[in-house]
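Peer 1: My structure is in final-v4.pdb, and what it holds is PDB, C-alpha atoms and all ligand atoms:
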ATOM      1  CA  MET A   1     -35.003  -5.859 -22.346  1.00  0.00           C
ATOM      2  CA  SER A   2     -34.268  -2.198 -22.797  1.00  0.00           C
ATOM      3  CA  ALA A   3     -30.676  -1.068 -22.594  1.00  0.00           C
ATOM      4  CA  ALA A   4     -31.443   2.140 -20.714  1.00  0.00           C
ATOM      5  CA  TRP A   5     -34.329   3.823 -18.965  1.00  0.00           C
ATOM      6  CA  ARG A   6     -35.123   7.478 -18.610  1.00  0.00           C
ATOM      7  CA  VAL A   7     -36.417   8.387 -15.138  1.00  0.00           C
ATOM      8  CA  GLY A   8     -38.523  11.439 -14.472  1.00  0.00           C
ATOM      9  CA  VAL A   9     -40.261  12.957 -11.453  1.00  0.00           C
ATOM     10  CA  ASP A  10     -43.033  15.470 -12.027  1.00  0.00           C
ATOM     11  CA  PRO A  11     -42.421  18.167  -9.383  1.00  0.00           C
ATOM     12  CA  ARG A  12     -46.024  19.355  -9.717  1.00  0.00           C
ATOM     13  CA  ARG A  13     -47.267  15.950  -8.616  1.00  0.00           C
ATOM     14  CA  CYS A  14     -44.694  14.901  -6.002  1.00  0.00           C
ATOM     15  CA  ILE A  15     -45.905  15.434  -2.445  1.00  0.00           C
ATOM     16  CA  GLY A  16     -42.596  14.477  -0.838  1.00  0.00           C
ATOM     17  CA  THR A  17     -43.548  11.224   0.862  1.00  0.00           C
ATOM     18  CA  GLY A  18     -40.039   9.837   0.452  1.00  0.00           C
ATOM     19  CA  ILE A  19     -41.373   6.412  -0.482  1.00  0.00           C
ATOM     20  CA  CYS A  20     -39.315   6.358  -3.664  1.00  0.00           C
ATOM     21  CA  ALA A  21     -36.111   7.311  -1.851  1.00  0.00           C
ATOM     22  CA  GLY A  22     -36.797   4.556   0.674  1.00  0.00           C
ATOM     23  CA  THR A  23     -37.576   1.997  -2.038  1.00  0.00           C
ATOM     24  CA  ALA A  24     -34.723   2.945  -4.369  1.00  0.00           C
ATOM     25  CA  PRO A  25     -32.192   5.072  -2.453  1.00  0.00           C
ATOM     26  CA  GLU A  26     -29.652   4.612  -5.219  1.00  0.00           C
ATOM     27  CA  HIS A  27     -32.005   6.304  -7.651  1.00  0.00           C
ATOM     28  CA  PHE A  28     -34.012   8.955  -5.787  1.00  0.00           C
ATOM     29  CA  GLN A  29     -33.341  11.512  -3.096  1.00  0.00           C
ATOM     30  CA  LEU A  30     -35.448  14.272  -1.598  1.00  0.00           C
ATOM     31  CA  VAL A  31     -34.181  17.742  -2.402  1.00  0.00           C
ATOM     32  CA  GLY A  32     -36.094  20.613  -0.878  1.00  0.00           C
ATOM     33  CA  GLY A  33     -38.907  18.232  -0.009  1.00  0.00           C
ATOM     34  CA  LEU A  34     -39.319  16.894  -3.538  1.00  0.00           C
ATOM     35  CA  SER A  35     -38.013  13.698  -5.068  1.00  0.00           C
ATOM     36  CA  THR A  36     -35.185  14.101  -7.534  1.00  0.00           C
ATOM     37  CA  PRO A  37     -33.699  11.317  -9.645  1.00  0.00           C
ATOM     38  CA  LEU A  38     -29.992  10.868  -9.006  1.00  0.00           C
ATOM     39  CA  ALA A  39     -29.571  10.161 -12.708  1.00  0.00           C
ATOM     40  CA  ASP A  40     -31.918  10.857 -15.589  1.00  0.00           C
ATOM     41  CA  VAL A  41     -30.834   7.775 -17.535  1.00  0.00           C
ATOM     42  CA  VAL A  42     -30.217   4.522 -15.692  1.00  0.00           C
ATOM     43  CA  GLU A  43     -29.532   0.885 -16.357  1.00  0.00           C
ATOM     44  CA  PRO A  44     -32.713  -1.176 -15.987  1.00  0.00           C
ATOM     45  CA  ALA A  45     -33.210  -2.129 -12.339  1.00  0.00           C
ATOM     46  CA  ASP A  46     -36.216  -3.478 -10.471  1.00  0.00           C
ATOM     47  CA  PRO A  47     -36.084  -0.897  -7.625  1.00  0.00           C
ATOM     48  CA  VAL A  48     -36.760   1.866 -10.151  1.00  0.00           C
ATOM     49  CA  ILE A  49     -39.938   0.090 -11.250  1.00  0.00           C
ATOM     50  CA  ASP A  50     -40.904  -0.565  -7.633  1.00  0.00           C
ATOM     51  CA  ALA A  51     -40.490   3.114  -6.804  1.00  0.00           C
ATOM     52  CA  ALA A  52     -42.593   4.225  -9.757  1.00  0.00           C
ATOM     53  CA  ASP A  53     -45.309   1.715  -8.867  1.00  0.00           C
ATOM     54  CA  SER A  54     -45.179   2.727  -5.174  1.00  0.00           C
ATOM     55  CA  CYS A  55     -45.574   6.451  -5.657  1.00  0.00           C
ATOM     56  CA  PRO A  56     -49.077   7.319  -4.408  1.00  0.00           C
ATOM     57  CA  VAL A  57     -49.495  10.171  -6.881  1.00  0.00           C
ATOM     58  CA  GLU A  58     -47.780   8.547  -9.881  1.00  0.00           C
ATOM     59  CA  ALA A  59     -45.220  11.348 -10.060  1.00  0.00           C
ATOM     60  CA  ILE A  60     -42.484   9.006 -11.299  1.00  0.00           C
ATOM     61  CA  THR A  61     -42.289   7.826 -14.874  1.00  0.00           C
ATOM     62  CA  VAL A  62     -39.865   5.307 -16.280  1.00  0.00           C
ATOM     63  CA  ARG A  63     -39.457   5.222 -20.041  1.00  0.00           C
ATOM     64  CA  ASP A  64     -37.357   3.333 -22.520  1.00  0.00           C
ATOM     65  CA  ALA A  65     -34.581   5.780 -23.360  1.00  0.00           C
ATOM     66  CA  ALA A  66     -34.507   4.576 -26.960  1.00  0.00           C
ATOM     67  CA  ASP A  67     -38.161   4.781 -27.973  1.00  0.00           C
ATOM     68  CA  ASP A  68     -39.856   6.616 -25.067  1.00  0.00           C
ATOM     69  CA  ARG A  69     -42.179   3.678 -24.347  1.00  0.00           C
ATOM     70  CA  LEU A  70     -43.709   3.926 -20.887  1.00  0.00           C
ATOM     71  CA  ILE A  71     -42.381   1.137 -18.672  1.00  0.00           C
ATOM     72  CA  ALA A  72     -43.749   2.224 -15.296  1.00  0.00           C
ATOM     73  CA  PRO A  73     -46.021   2.925 -13.584  1.00  0.00           C
ATOM     74  CA  GLU A  74     -48.296   0.201 -14.830  1.00  0.00           C
ATOM     75  CA  GLY A  75     -51.616   1.603 -15.973  1.00  0.00           C
TER      76      GLY A  75
HETATM   77  S1  LIG B 101     -42.992   8.444  -3.825  1.00  0.00           S
HETATM   78 FE1  LIG B 101     -43.865   9.958  -5.256  1.00  0.00          FE
HETATM   79  S2  LIG B 101     -44.770  11.538  -3.957  1.00  0.00           S
HETATM   80 FE2  LIG B 101     -43.379  10.349  -2.677  1.00  0.00          FE
HETATM   81  S3  LIG B 101     -41.428  11.485  -2.770  1.00  0.00           S
HETATM   82 FE3  LIG B 101     -41.366   9.907  -4.366  1.00  0.00          FE
HETATM   83  S4  LIG B 101     -42.092  10.939  -6.224  1.00  0.00           S
HETATM   84 FE4  LIG B 101     -42.700  12.207  -4.481  1.00  0.00          FE
END
Using structure tokens, write down the structure from this file.
Ligand code: SF4

Peer 2:
Amino acid sequence: MSAAWRVGVDPRRCIGTGICAGTAPEHFQLVGGLSTPLADVVEPADPVIDAADSCPVEAITVRDAADDRLIAPEG
């Protein structure tokens, strides 16, 4: 298990559905209509994965902070 994950939201992809903020309110909030991670590096937590997998436009990426391996969304 990774020790830390790096969370990113691509502002060019996000269409502001708010699904991620609803799924993982401790990790995402809408700012100016776009999702913004509350922290760029987080402890591994299932809601972060759920949010990345739930985003309809795959704007969220979750990577291993140590080696940049893509953890979510699942391809
Ligand atoms: S679920 Fe995706 S499209 Fe919707 S607000 Fe979050 S990042 Fe943006």

Peer 1: Pick out the residues no farther than 7 Å from ligand LIG 101 (chain B), counting all atoms listed in the file, and list them as a list in words.

Peer 2: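 Protein and nucleic-acid residues within 7 Å of ligand LIG 101 (chain B): Val9, Arg13, Cys14, Ile15, Gly16, Thr17, Gly18, Ile19, Cys20, Ala21, Leu30, Leu34, Ser35, Ala51, Ser54, Cys55, Pro56, Val57, Glu58, Ala59 and Ile60 of chain A.
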
Peer 1: Store the residues picked out above, limited to C-alpha atoms, as an mmCIF file, keeping the file's coordinate frame.

Peer 2:
data_model
loop_
_atom_site.group_PDB
_atom_site.id
_atom_site.type_symbol
_atom_site.label_atom_id
_atom_site.label_comp_id
_atom_site.auth_asym_id
_atom_site.auth_seq_id
_atom_site.Cartn_x
_atom_site.Cartn_y
_atom_site.Cartn_z
ATOM 1 C CA VAL A 9 -40.261 12.957 -11.453
ATOM 2 C CA ARG A 13 -47.267 15.950 -8.616
ATOM 3 C CA CYS A 14 -44.694 14.901 -6.002
ATOM 4 C CA ILE A 15 -45.905 15.434 -2.445
ATOM 5 C CA GLY A 16 -42.596 14.477 -0.838
ATOM 6 C CA THR A 17 -43.548 11.224 0.862
ATOM 7 C CA GLY A 18 -40.039 9.837 0.452
ATOM 8 C CA ILE A 19 -41.373 6.412 -0.482
ATOM 9 C CA CYS A 20 -39.315 6.358 -3.664
ATOM 10 C CA ALA A 21 -36.111 7.311 -1.851
ATOM 11 C CA LEU A 30 -35.448 14.272 -1.598
ATOM 12 C CA LEU A 34 -39.319 16.894 -3.538
ATOM 13 C CA SER A 35 -38.013 13.698 -5.068
ATOM 14 C CA ALA A 51 -40.490 3.114 -6.804
ATOM 15 C CA SER A 54 -45.179 2.727 -5.174
ATOM 16 C CA CYS A 55 -45.574 6.451 -5.657
ATOM 17 C CA PRO A 56 -49.077 7.319 -4.408
ATOM 18 C CA VAL A 57 -49.495 10.171 -6.881
ATOM 19 C CA GLU A 58 -47.780 8.547 -9.881
ATOM 20 C CA ALA A 59 -45.220 11.348 -10.060
ATOM 21 C CA ILE A 60 -42.484 9.006 -11.299
#

Peer 1: Just how far from atom CA of A:His27 is atom CA of A:Val48, in Å to one decimal?

Peer 2: 7.0 Å

Peer 1: Check what the PyMOL selection byres (((chain A and resi 45) around 12) and not hetatm) selects in the file above and give those residues as a list in words.

Peer 2: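 With the shown file as input, the PyMOL selection byres (((chain A and resi 45) around 12) and not hetatm) matches Met1, Ser2, Ala3, Ala4, Trp5, Arg6, Val7, Thr23, Ala24, Glu26, His27, Val41, Val42, Glu43, Pro44, Asp46, Pro47, Val48, Ile49, Asp50, Ala51, Ala52, Val62, Ile71 and Ala72 of chain A.
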
Peer 1: Given only C-alpha atoms as the basis, pick out the residue of A:Asp68, A:Asp53, A:Asp10, A:Glu74 nearest to A:Pro37.

Peer 2: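 For A:Pro37, the nearest of the given residues is A:Asp10.
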
Peer 1: Let me have the centre and edge lengths in Å, one decimal, of the box along x, y and z around every listed atom of stretch 13-32 of chain A with 5 Å of margin on each side, as lines of an AutoDock Vina configuration file.

Peer 2:
center_x = -38.5
center_y = 11.3
center_z = -3.9
size_x = 27.6
size_y = 28.6
size_z = 19.5

Peer 1: May I ask for the distance between atom CA of A:Ala39 and atom CA of A:Pro25, given in Å to one decimal place?

Peer 2: 11.7 Å

Peer 1: What separation in Å, quoted to one decimal, exists between atom CA of A:Asp40 and atom CA of A:Arg63?

Peer 2: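 Distance reported for this atom pair: 10.4 Å.
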